[in-house]
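For reference, the structure is listed below as structure tokens.
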Amino acid sequence: MFSSVDVIWTLVAAFLVFFMQAGFTLVEAGFTRAKNAGNIIMKNLVDFCFGSVLYWLIGFGIMFGTQSAIFGGIHIFAMDSFEFAMPTPAYMFFQTVFCATAATIVSGAMAERTEFKAYCVYSAVISALIYPVSGHWIWGGGFLAEMGFHDFAGSTAVHMVGGVAAFVGAAILGPRIGKYSKSGKSLAIPGHNLTFAALGVFILWFCWFGFNGGSTTSMTGDDTMILASNVLVNTNLAATCGTLSALAISWVKYKKPDVSLTLNGTLAGLVGVTAGCDMVSAGGAAVIGLAAGALMLFAVEFIDQKLRVDDPVGAVAVHGVCGAFGTLATGLLAIDGGLFYGGGVSFLVTQAIGVAVTMLWVGATTFVLFSVIKATIGLRVSPETEIAGLDNVEHGLQSAYAGFNVQPESVVELALATGETIRTTTHTATSAPTSTSVATDYKNDDTGKLTNVAVIINEINLRKVQEKLYGIGVEGMTVTPVLGHGVQKGQTELYRGSEVAAELLPKVKVEVTVSRIPVDLVVGAIKEALYTGKPGDGKIFVNQVENVIRVSNSAEGDAALQGYDVKN
């Protein structure tokens, strides 16, 4: 007889782990650019779909078959072939969502430049073969399990597998256009929506209680209930300590607390404690979280700036590095058998062997997989596609944010940043031509010359400029979002430890055309609104306008600039 409590507990945990797909989608979309958000959505969607079908078809049998300590065997549709402490379909579903989690980790590291069809092939292979084989060694009764290797909920079996695959894929794929200068200096490409990323992290944090807590697969008996409770406490403590560690170190290192790295610190703590959350004390979980948050931050910087592997979301550092660390930390901090608790080095050595063997397996197989994909169907999109955005070219989606103005990158700026020659054509939205660019035969009338006054400013100063201009009688103006910088190239900003390229500083352009209002009065009002006496106050451009024509009543010159009553 099966325990209904155990089955319900396990299935509810599986539901939470499934919802981690939503968290990963938001984190990856938030840490990348808006022009690729739809592509991120599709990859996370197909990860789960391929994972579900192929794990059901063949992966589950490979992972939990008993053919040998190395390979579980080929058992097609294996749900009726094995016996567990609960209905086999329930346990298979629980393991399916873990498989999908391992596969989806790679999406973020390879984001913004991977062929969608290539990613589909990768997702299918890791779900059907790569993950189940190493999963058999760890959880399916394979040789690592026989050695005493311990990975309670998947620091190595799930997260490090995904992190290693992400590293290999990103390395073979190469960095995004504009990520590194010609000299090799890392340039930041900020994500477009940190609110998405934060929401994704909170979702993942919440779902991790199912990921770790549900791995007891039981709630029967006092001992099991105490174990599950300790697992949940340890999971939460590691997450909070990882967050605080990344917060503090980024604050000291970069002079300000880095939002994206702090969010990664939460995930680092969660990944780190996943292997040993059932074996360590609350204090041990806190130590793991603190160390994982710090390790993640330095790993992100090392991978990006030293190895020059472009990982937009930090998946390699969070899942790969912290997954390996958390598994090794279990050998140090496990209350029963840990080195720091007098257990000697044997358990730590076993943990190290498990990490090394799994890393070697995943690294070798994914290297072959991505190399074959690259040589056959192609792994990376063209420069034209990458610049235009994968949403547009790969999915026929103009924007995942219909109704919002998504500013595309300038091809010229990206070429200058990388020293590359790129021949492509992109189309950007432009404002209507100003009167200075239209050749006409009209002449100014006798009321005075027409003058256009323009200034490019930080958006924070827009309201002050508007109020000053309205105060001297200016009735109309044009405000346009632009990207640019002056000679000083703006204040240096850091994103995840890399400088934000000066070419991408957001500004607004304010233009007014006047005739009766003296130009020096307009210029004086703008200067009064902007002046601080420091570099970056901006420049005012004054140009003579040949003519202004109001379309509605054909009024010209000064008359076209004056207000009038609309008649029915």
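Every chain in the structure tokens takes a letter, A first, then B, and so on in the order presented; its residues are numbered from 1, and the ligands are numbered from 1 following the presented order.
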Which residues, written as a PyMOL selection string, have at least one atom at most 10 Å from Asn543 (chain A), with only C-alpha atoms counted and residues fewer than 5 positions away on the same chain left out? chain A and resi 436+450-454+513
Distance query Ile203 (chain A) at most 10 Å, only C-alpha atoms, self and fewer than 4 positions along chain excluded, as a ChimeraX atom specification: /A:16,19-24,26-27,197-199,207-208
Residues just named, written with N, CA, C and O atoms as a compact mmCIF listing (two decimals), in the first residue's frame:
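The resulting out-v8.txt:
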```
# COMPACT_ATOMS: atom_id res chain seq x y z
N LEU A 16 5.95 22.43 -7.86
CA LEU A 16 6.80 23.59 -7.58
C LEU A 16 8.04 23.58 -8.47
O LEU A 16 8.45 24.62 -9.01
N PHE A 19 7.27 24.76 -11.83
CA PHE A 19 7.09 26.22 -11.90
C PHE A 19 8.44 26.95 -11.92
O PHE A 19 8.49 28.14 -12.24
N MET A 20 9.52 26.25 -11.62
CA MET A 20 10.84 26.86 -11.75
C MET A 20 11.12 27.27 -13.20
O MET A 20 11.92 28.18 -13.45
N GLN A 21 10.46 26.62 -14.16
CA GLN A 21 10.63 27.03 -15.56
C GLN A 21 10.22 28.48 -15.75
O GLN A 21 10.85 29.23 -16.52
N ALA A 22 9.17 28.89 -15.05
CA ALA A 22 8.75 30.30 -15.12
C ALA A 22 9.81 31.20 -14.52
O ALA A 22 10.10 32.28 -15.04
N GLY A 23 10.38 30.77 -13.39
CA GLY A 23 11.43 31.56 -12.77
C GLY A 23 12.65 31.71 -13.65
O GLY A 23 13.20 32.81 -13.81
N PHE A 24 13.10 30.61 -14.26
CA PHE A 24 14.24 30.67 -15.16
C PHE A 24 13.95 31.57 -16.36
O PHE A 24 14.82 32.32 -16.83
N LEU A 26 11.98 34.20 -16.52
CA LEU A 26 12.03 35.60 -16.12
C LEU A 26 13.46 36.06 -15.84
O LEU A 26 13.85 37.17 -16.21
N VAL A 27 14.25 35.23 -15.17
CA VAL A 27 15.63 35.59 -14.89
C VAL A 27 16.40 35.79 -16.19
O VAL A 27 17.11 36.79 -16.38
N ALA A 197 13.98 39.91 -13.66
CA ALA A 197 14.99 39.05 -13.06
C ALA A 197 14.72 38.82 -11.58
O ALA A 197 14.84 37.70 -11.07
N ALA A 198 14.35 39.90 -10.87
CA ALA A 198 14.06 39.78 -9.44
C ALA A 198 12.85 38.89 -9.19
O ALA A 198 12.85 38.03 -8.30
N LEU A 199 11.80 39.07 -9.98
CA LEU A 199 10.62 38.22 -9.83
C LEU A 199 10.97 36.77 -10.10
O LEU A 199 10.52 35.85 -9.40
N CYS A 207 10.11 28.03 -5.24
CA CYS A 207 10.02 26.67 -5.79
C CYS A 207 11.12 25.75 -5.26
O CYS A 207 10.96 24.52 -5.28
N TRP A 208 12.24 26.33 -4.82
CA TRP A 208 13.32 25.52 -4.28
C TRP A 208 12.91 24.76 -3.03
O TRP A 208 13.50 23.73 -2.69
```
Please report, as number ranges by chain, each residue of region 242-375 of chain A to which DSSP assigns helix (DSSP H, G or I) when run on this structure's backbone. A: 242-254, 259-273, 282-306, 315-333, 339-341, 346-375
Got a sec: who's within 9 Å of Thr96 (chain A), counting only C-alpha atoms, leaving out chain neighbours fewer than 6 positions off, as a list in words? Ala14, Phe18, Phe48, Gly51, Ser52, Tyr55, Trp56, Gly59 and Phe60 of chain A
Create the file for the chosen residues now, containing all heavy atoms and written as a tab-separated table (two decimals), in the first residue's frame.
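Saved to result-v3.tsv:
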```tsv
chain	number	residue	atom	x	y	z
A	14	ALA	N	6.78	18.36	-7.00
A	14	ALA	CA	7.01	18.32	-8.44
A	14	ALA	C	6.34	19.50	-9.14
A	14	ALA	O	6.90	20.08	-10.08
A	14	ALA	CB	6.48	17.01	-9.02
A	18	PHE	N	8.32	22.20	-11.36
A	18	PHE	CA	7.87	22.58	-12.71
A	18	PHE	C	7.79	24.09	-12.85
A	18	PHE	O	8.20	24.67	-13.87
A	18	PHE	CB	6.50	21.96	-13.00
A	18	PHE	CG	5.79	22.62	-14.15
A	18	PHE	CD1	6.21	22.41	-15.46
A	18	PHE	CD2	4.71	23.46	-13.92
A	18	PHE	CE1	5.57	23.04	-16.52
A	18	PHE	CE2	4.07	24.08	-14.98
A	18	PHE	CZ	4.50	23.88	-16.29
A	48	PHE	N	11.20	22.08	-21.45
A	48	PHE	CA	10.31	21.23	-20.66
A	48	PHE	C	9.59	20.21	-21.54
A	48	PHE	O	9.38	19.06	-21.14
A	48	PHE	CB	9.29	22.06	-19.89
A	48	PHE	CG	8.50	21.24	-18.92
A	48	PHE	CD1	9.03	20.86	-17.70
A	48	PHE	CD2	7.22	20.79	-19.25
A	48	PHE	CE1	8.30	20.06	-16.82
A	48	PHE	CE2	6.49	20.00	-18.38
A	48	PHE	CZ	7.04	19.63	-17.16
A	51	GLY	N	12.11	17.61	-22.65
A	51	GLY	CA	12.47	16.85	-21.46
A	51	GLY	C	11.39	15.87	-21.05
A	51	GLY	O	11.66	14.71	-20.73
A	52	SER	N	10.14	16.33	-21.08
A	52	SER	CA	9.02	15.46	-20.67
A	52	SER	C	8.88	14.25	-21.60
A	52	SER	O	8.75	13.11	-21.15
A	52	SER	CB	7.72	16.26	-20.65
A	52	SER	OG	7.74	17.24	-19.65
A	55	TYR	N	12.37	12.04	-21.69
A	55	TYR	CA	12.65	11.40	-20.41
A	55	TYR	C	11.64	10.26	-20.18
A	55	TYR	O	12.00	9.19	-19.68
A	55	TYR	CB	12.60	12.41	-19.28
A	55	TYR	CG	13.16	11.89	-17.97
A	55	TYR	CD1	14.53	11.75	-17.80
A	55	TYR	CD2	12.32	11.56	-16.92
A	55	TYR	CE1	15.05	11.27	-16.60
A	55	TYR	CE2	12.83	11.08	-15.73
A	55	TYR	CZ	14.19	10.94	-15.57
A	55	TYR	OH	14.70	10.46	-14.39
A	56	TRP	N	10.40	10.49	-20.56
A	56	TRP	CA	9.37	9.43	-20.49
A	56	TRP	C	9.69	8.29	-21.44
A	56	TRP	O	9.57	7.11	-21.10
A	56	TRP	CB	8.01	10.04	-20.80
A	56	TRP	CG	6.93	9.07	-21.15
A	56	TRP	CD1	6.36	8.15	-20.32
A	56	TRP	CD2	6.29	8.93	-22.42
A	56	TRP	NE1	5.38	7.44	-20.99
A	56	TRP	CE2	5.32	7.90	-22.28
A	56	TRP	CE3	6.41	9.58	-23.65
A	56	TRP	CZ2	4.49	7.52	-23.34
A	56	TRP	CZ3	5.59	9.20	-24.70
A	56	TRP	CH2	4.65	8.17	-24.54
A	59	GLY	N	14.75	8.30	-21.16
A	59	GLY	CA	15.64	8.79	-20.10
A	59	GLY	C	15.40	8.16	-18.75
A	59	GLY	O	16.34	7.82	-18.03
A	60	PHE	N	14.13	8.02	-18.37
A	60	PHE	CA	13.81	7.45	-17.06
A	60	PHE	C	14.33	6.02	-16.95
A	60	PHE	O	14.85	5.60	-15.91
A	60	PHE	CB	12.30	7.49	-16.85
A	60	PHE	CG	11.85	7.03	-15.49
A	60	PHE	CD1	12.16	7.75	-14.35
A	60	PHE	CD2	11.10	5.86	-15.37
A	60	PHE	CE1	11.73	7.32	-13.10
A	60	PHE	CE2	10.67	5.42	-14.12
A	60	PHE	CZ	10.99	6.15	-12.98
```
Please list as a compact mmCIF listing (two decimals) with all heavy atoms, in the first residue's frame every residue within 7 Å of region 111-125 of chain A, counting only C-alpha atoms and excluding residues in the same chain fewer than 5 positions away.
```
# COMPACT_ATOMS: atom_id res chain seq x y z
N ASN A 36 15.38 39.86 -27.59
CA ASN A 36 15.52 38.40 -27.54
C ASN A 36 14.59 37.74 -26.53
O ASN A 36 14.72 36.54 -26.25
CB ASN A 36 16.97 38.02 -27.22
CG ASN A 36 17.93 38.53 -28.27
OD1 ASN A 36 17.76 38.29 -29.46
ND2 ASN A 36 18.95 39.27 -27.85
N ASP A 47 12.40 23.31 -23.68
CA ASP A 47 13.18 22.52 -22.73
C ASP A 47 12.28 21.55 -21.98
O ASP A 47 12.57 20.35 -21.87
CB ASP A 47 13.89 23.43 -21.72
CG ASP A 47 15.25 23.87 -22.19
OD1 ASP A 47 15.90 23.12 -22.93
OD2 ASP A 47 15.66 24.97 -21.82
N PHE A 50 10.58 18.90 -24.58
CA PHE A 50 11.50 17.84 -24.98
C PHE A 50 11.86 16.96 -23.79
O PHE A 50 11.93 15.73 -23.90
CB PHE A 50 12.77 18.44 -25.59
CG PHE A 50 12.65 18.81 -27.03
CD1 PHE A 50 12.87 20.11 -27.45
CD2 PHE A 50 12.31 17.86 -27.98
CE1 PHE A 50 12.76 20.45 -28.79
CE2 PHE A 50 12.19 18.20 -29.32
CZ PHE A 50 12.41 19.50 -29.73
N GLY A 51 12.11 17.61 -22.65
CA GLY A 51 12.47 16.85 -21.46
C GLY A 51 11.39 15.87 -21.05
O GLY A 51 11.66 14.71 -20.73
N LEU A 54 11.06 12.94 -23.97
CA LEU A 54 12.21 12.05 -24.12
C LEU A 54 12.59 11.37 -22.81
O LEU A 54 13.09 10.24 -22.82
CB LEU A 54 13.39 12.84 -24.70
CG LEU A 54 13.17 13.26 -26.15
CD1 LEU A 54 14.21 14.27 -26.60
CD2 LEU A 54 13.19 12.04 -27.06
N ALA A 103 18.29 20.85 -18.08
CA ALA A 103 18.38 21.26 -19.49
C ALA A 103 18.25 22.77 -19.65
O ALA A 103 18.95 23.38 -20.46
CB ALA A 103 17.30 20.55 -20.30
N ILE A 130 22.42 12.47 -21.85
CA ILE A 130 23.50 13.00 -21.02
C ILE A 130 23.09 13.06 -19.55
O ILE A 130 23.79 12.54 -18.67
CB ILE A 130 23.95 14.39 -21.52
CG1 ILE A 130 24.52 14.27 -22.94
CG2 ILE A 130 24.98 15.00 -20.57
CD1 ILE A 130 24.85 15.60 -23.58
N ARG A 176 28.86 37.39 -27.53
CA ARG A 176 27.97 38.25 -28.31
C ARG A 176 28.74 39.39 -28.96
O ARG A 176 29.78 39.83 -28.45
CB ARG A 176 26.88 38.83 -27.39
CG ARG A 176 25.88 37.83 -26.87
CD ARG A 176 25.06 38.42 -25.73
NE ARG A 176 25.87 38.63 -24.54
CZ ARG A 176 25.44 39.23 -23.44
NH1 ARG A 176 24.21 39.70 -23.40
NH2 ARG A 176 26.23 39.35 -22.39
N PRO A 312 25.58 35.62 -20.27
CA PRO A 312 24.77 36.79 -19.92
C PRO A 312 24.11 36.74 -18.54
O PRO A 312 23.89 37.78 -17.93
CB PRO A 312 23.70 36.82 -21.03
CG PRO A 312 24.33 36.09 -22.17
CD PRO A 312 25.19 35.04 -21.55
N ILE A 373 26.85 19.81 -33.80
CA ILE A 373 25.80 20.76 -34.20
C ILE A 373 26.39 21.92 -34.99
O ILE A 373 25.86 22.34 -36.03
CB ILE A 373 25.04 21.28 -32.96
CG1 ILE A 373 24.23 20.16 -32.30
CG2 ILE A 373 24.11 22.43 -33.34
CD1 ILE A 373 23.59 20.56 -30.99
N ILE A 377 24.21 21.57 -38.67
CA ILE A 377 23.09 22.51 -38.87
C ILE A 377 23.44 23.94 -38.47
O ILE A 377 22.69 24.87 -38.77
CB ILE A 377 21.84 22.04 -38.10
CG1 ILE A 377 22.10 22.03 -36.59
CG2 ILE A 377 21.40 20.67 -38.57
CD1 ILE A 377 20.87 21.70 -35.76
N GLY A 378 24.58 24.12 -37.79
CA GLY A 378 24.97 25.47 -37.37
C GLY A 378 24.52 25.77 -35.96
O GLY A 378 23.37 25.47 -35.59
N LEU A 379 25.42 26.35 -35.18
CA LEU A 379 25.13 26.63 -33.78
C LEU A 379 24.77 28.09 -33.54
O LEU A 379 23.94 28.40 -32.69
CB LEU A 379 26.35 26.26 -32.92
CG LEU A 379 26.21 26.34 -31.40
CD1 LEU A 379 25.13 25.39 -30.91
CD2 LEU A 379 27.55 26.02 -30.72
N ARG A 380 25.40 28.98 -34.30
CA ARG A 380 25.24 30.42 -34.03
C ARG A 380 24.53 31.11 -35.19
O ARG A 380 24.74 30.78 -36.36
CB ARG A 380 26.61 31.06 -33.80
CG ARG A 380 26.55 32.54 -33.50
CD ARG A 380 27.84 33.07 -32.94
NE ARG A 380 27.72 34.48 -32.60
CZ ARG A 380 28.40 35.09 -31.67
NH1 ARG A 380 29.29 34.43 -30.97
NH2 ARG A 380 28.22 36.38 -31.42
N VAL A 381 23.72 32.09 -34.84
CA VAL A 381 23.04 32.88 -35.86
C VAL A 381 24.02 33.82 -36.54
O VAL A 381 25.14 34.05 -36.06
CB VAL A 381 21.88 33.70 -35.25
CG1 VAL A 381 20.84 32.78 -34.62
CG2 VAL A 381 22.39 34.71 -34.21
N GLU A 386 21.75 38.45 -35.17
CA GLU A 386 22.05 38.79 -33.78
C GLU A 386 21.78 40.26 -33.50
O GLU A 386 21.24 40.62 -32.45
CB GLU A 386 23.51 38.46 -33.48
CG GLU A 386 23.90 38.70 -32.03
CD GLU A 386 25.33 38.26 -31.73
OE1 GLU A 386 25.91 37.51 -32.55
OE2 GLU A 386 25.85 38.66 -30.67
N LEU A 390 16.89 38.00 -32.14
CA LEU A 390 16.40 36.67 -32.47
C LEU A 390 14.88 36.61 -32.53
O LEU A 390 14.31 35.79 -33.25
CB LEU A 390 16.92 35.64 -31.46
CG LEU A 390 18.30 35.03 -31.75
CD1 LEU A 390 19.40 36.10 -31.71
CD2 LEU A 390 18.63 33.93 -30.77
```
Calculated over only C-alpha atoms, which of the candidates A:Met63, A:Asn193, A:Phe94, A:Asp520 has the smallest distance to Tyr401 (chain A)? A:Asn193
Pull the closest atom pair for each residue of region 107-213 of chain A that gets at most 12 Å from region 241-247 of chain A, along with the distance in Å to one decimal, counting only C-alpha atoms, ordering rows by chain and then ascending residue number, as JSON lines.
```
{"residue": "A:Val201", "atom": "CA", "partner": "A:Thr243", "partner_atom": "CA", "distance": 10.9}
{"residue": "A:Phe202", "atom": "CA", "partner": "A:Thr243", "partner_atom": "CA", "distance": 11.8}
{"residue": "A:Trp205", "atom": "CA", "partner": "A:Thr243", "partner_atom": "CA", "distance": 11.3}
```
List the neighbours of Gly61 (chain A) out to 9 Å using only C-alpha atoms; skip same-chain residues closer than 4 positions along the sequence, and give me the result as an MDAnalysis selection string. chainID A and resid 55:57 65:66 72:79 81:82 132
Would you put the residues from that selection into a file with C-alpha atoms, as a CSV table (one decimal), in the first residue's frame?
```
chain,number,residue,atom,x,y,z
A,55,TYR,CA,12.6,11.4,-20.4
A,56,TRP,CA,9.4,9.4,-20.5
A,57,LEU,CA,10.4,7.6,-23.7
A,65,GLY,CA,17.4,0.7,-14.9
A,66,THR,CA,19.6,-1.9,-13.2
A,72,GLY,CA,20.9,1.6,-16.5
A,73,GLY,CA,19.9,0.1,-19.9
A,74,ILE,CA,17.4,0.9,-22.6
A,75,HIS,CA,13.9,0.5,-21.2
A,76,ILE,CA,11.3,2.2,-23.5
A,77,PHE,CA,8.3,3.6,-21.7
A,78,ALA,CA,9.7,2.3,-18.4
A,79,MET,CA,6.9,3.4,-16.1
A,81,SER,CA,9.2,-1.7,-15.3
A,82,PHE,CA,10.3,-0.5,-11.9
A,132,PRO,CA,20.0,10.3,-17.4
```
Closest to Thr478 (chain A) among A:Val508, A:Ala228, A:Ile457, A:Leu297, using only C-alpha atoms?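 Closest to Thr478 (chain A), using only C-alpha atoms: A:Val508.
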Excluding Gly213 (chain A) and residues on its chain fewer than 3 positions from it, collect all residues at most 6 Å away from it, counting only C-alpha atoms, and give them as an MDAnalysis selection string. chainID A and resid 209:210 228 231:232
Selected residues written out with N, CA and C atoms, as a PDB file, in the first residue's frame:
```
ATOM      1  N   PHE A 209      11.905  25.254  -2.333  1.00  0.00           N
ATOM      2  CA  PHE A 209      11.406  24.507  -1.177  1.00  0.00           C
ATOM      3  C   PHE A 209      10.814  23.168  -1.626  1.00  0.00           C
ATOM      4  N   GLY A 210      10.249  23.132  -2.831  1.00  0.00           N
ATOM      5  CA  GLY A 210       9.820  21.859  -3.392  1.00  0.00           C
ATOM      6  C   GLY A 210      10.983  21.059  -3.933  1.00  0.00           C
ATOM      7  N   ALA A 228      12.603  16.787   6.797  1.00  0.00           N
ATOM      8  CA  ALA A 228      12.071  17.729   5.802  1.00  0.00           C
ATOM      9  C   ALA A 228      12.080  19.157   6.341  1.00  0.00           C
ATOM     10  N   VAL A 231      15.602  20.456   6.243  1.00  0.00           N
ATOM     11  CA  VAL A 231      15.965  20.735   4.846  1.00  0.00           C
ATOM     12  C   VAL A 231      15.438  22.098   4.419  1.00  0.00           C
ATOM     13  N   LEU A 232      14.204  22.397   4.772  1.00  0.00           N
ATOM     14  CA  LEU A 232      13.596  23.668   4.391  1.00  0.00           C
ATOM     15  C   LEU A 232      14.274  24.845   5.090  1.00  0.00           C
TER      16      LEU A 232
END
```
So, with only C-alpha atoms as the atoms that count, which of A:Gly178, A:Gly148, A:Gly314, A:Pro87 lies closest to Pro383 (chain A)? A:Gly178
Among the residues of region 152-393 of chain A, find those DSSP assigns to strand (DSSP E or B) from the backbone and print them as number ranges by chain. A: 180, 186-188, 380
Output file for the residues above (C-alpha atoms, as a PDB file, in the first residue's frame):
```pdb
ATOM      1  CA  TYR A 180      34.578  42.431 -25.800  1.00  0.00           C
ATOM      2  CA  SER A 186      34.916  43.083 -21.222  1.00  0.00           C
ATOM      3  CA  LEU A 187      32.101  45.523 -21.976  1.00  0.00           C
ATOM      4  CA  ALA A 188      28.802  45.234 -20.155  1.00  0.00           C
ATOM      5  CA  ARG A 380      25.242  30.418 -34.031  1.00  0.00           C
TER       6      ARG A 380
END
```
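With only C-alpha atoms as the atoms that count, the minimum distance from Ala85 (chain A) to the choices A:Val522, A:Ala356, A:Val5, A:Ile249 is reached by A:Val5.
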From the options A:Asn39, A:Trp137, A:Val161, A:Val233, which residue's atoms come nearest to Gln67 (chain A), counting only C-alpha atoms?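 Smallest distance to Gln67 (chain A) is found for A:Trp137.
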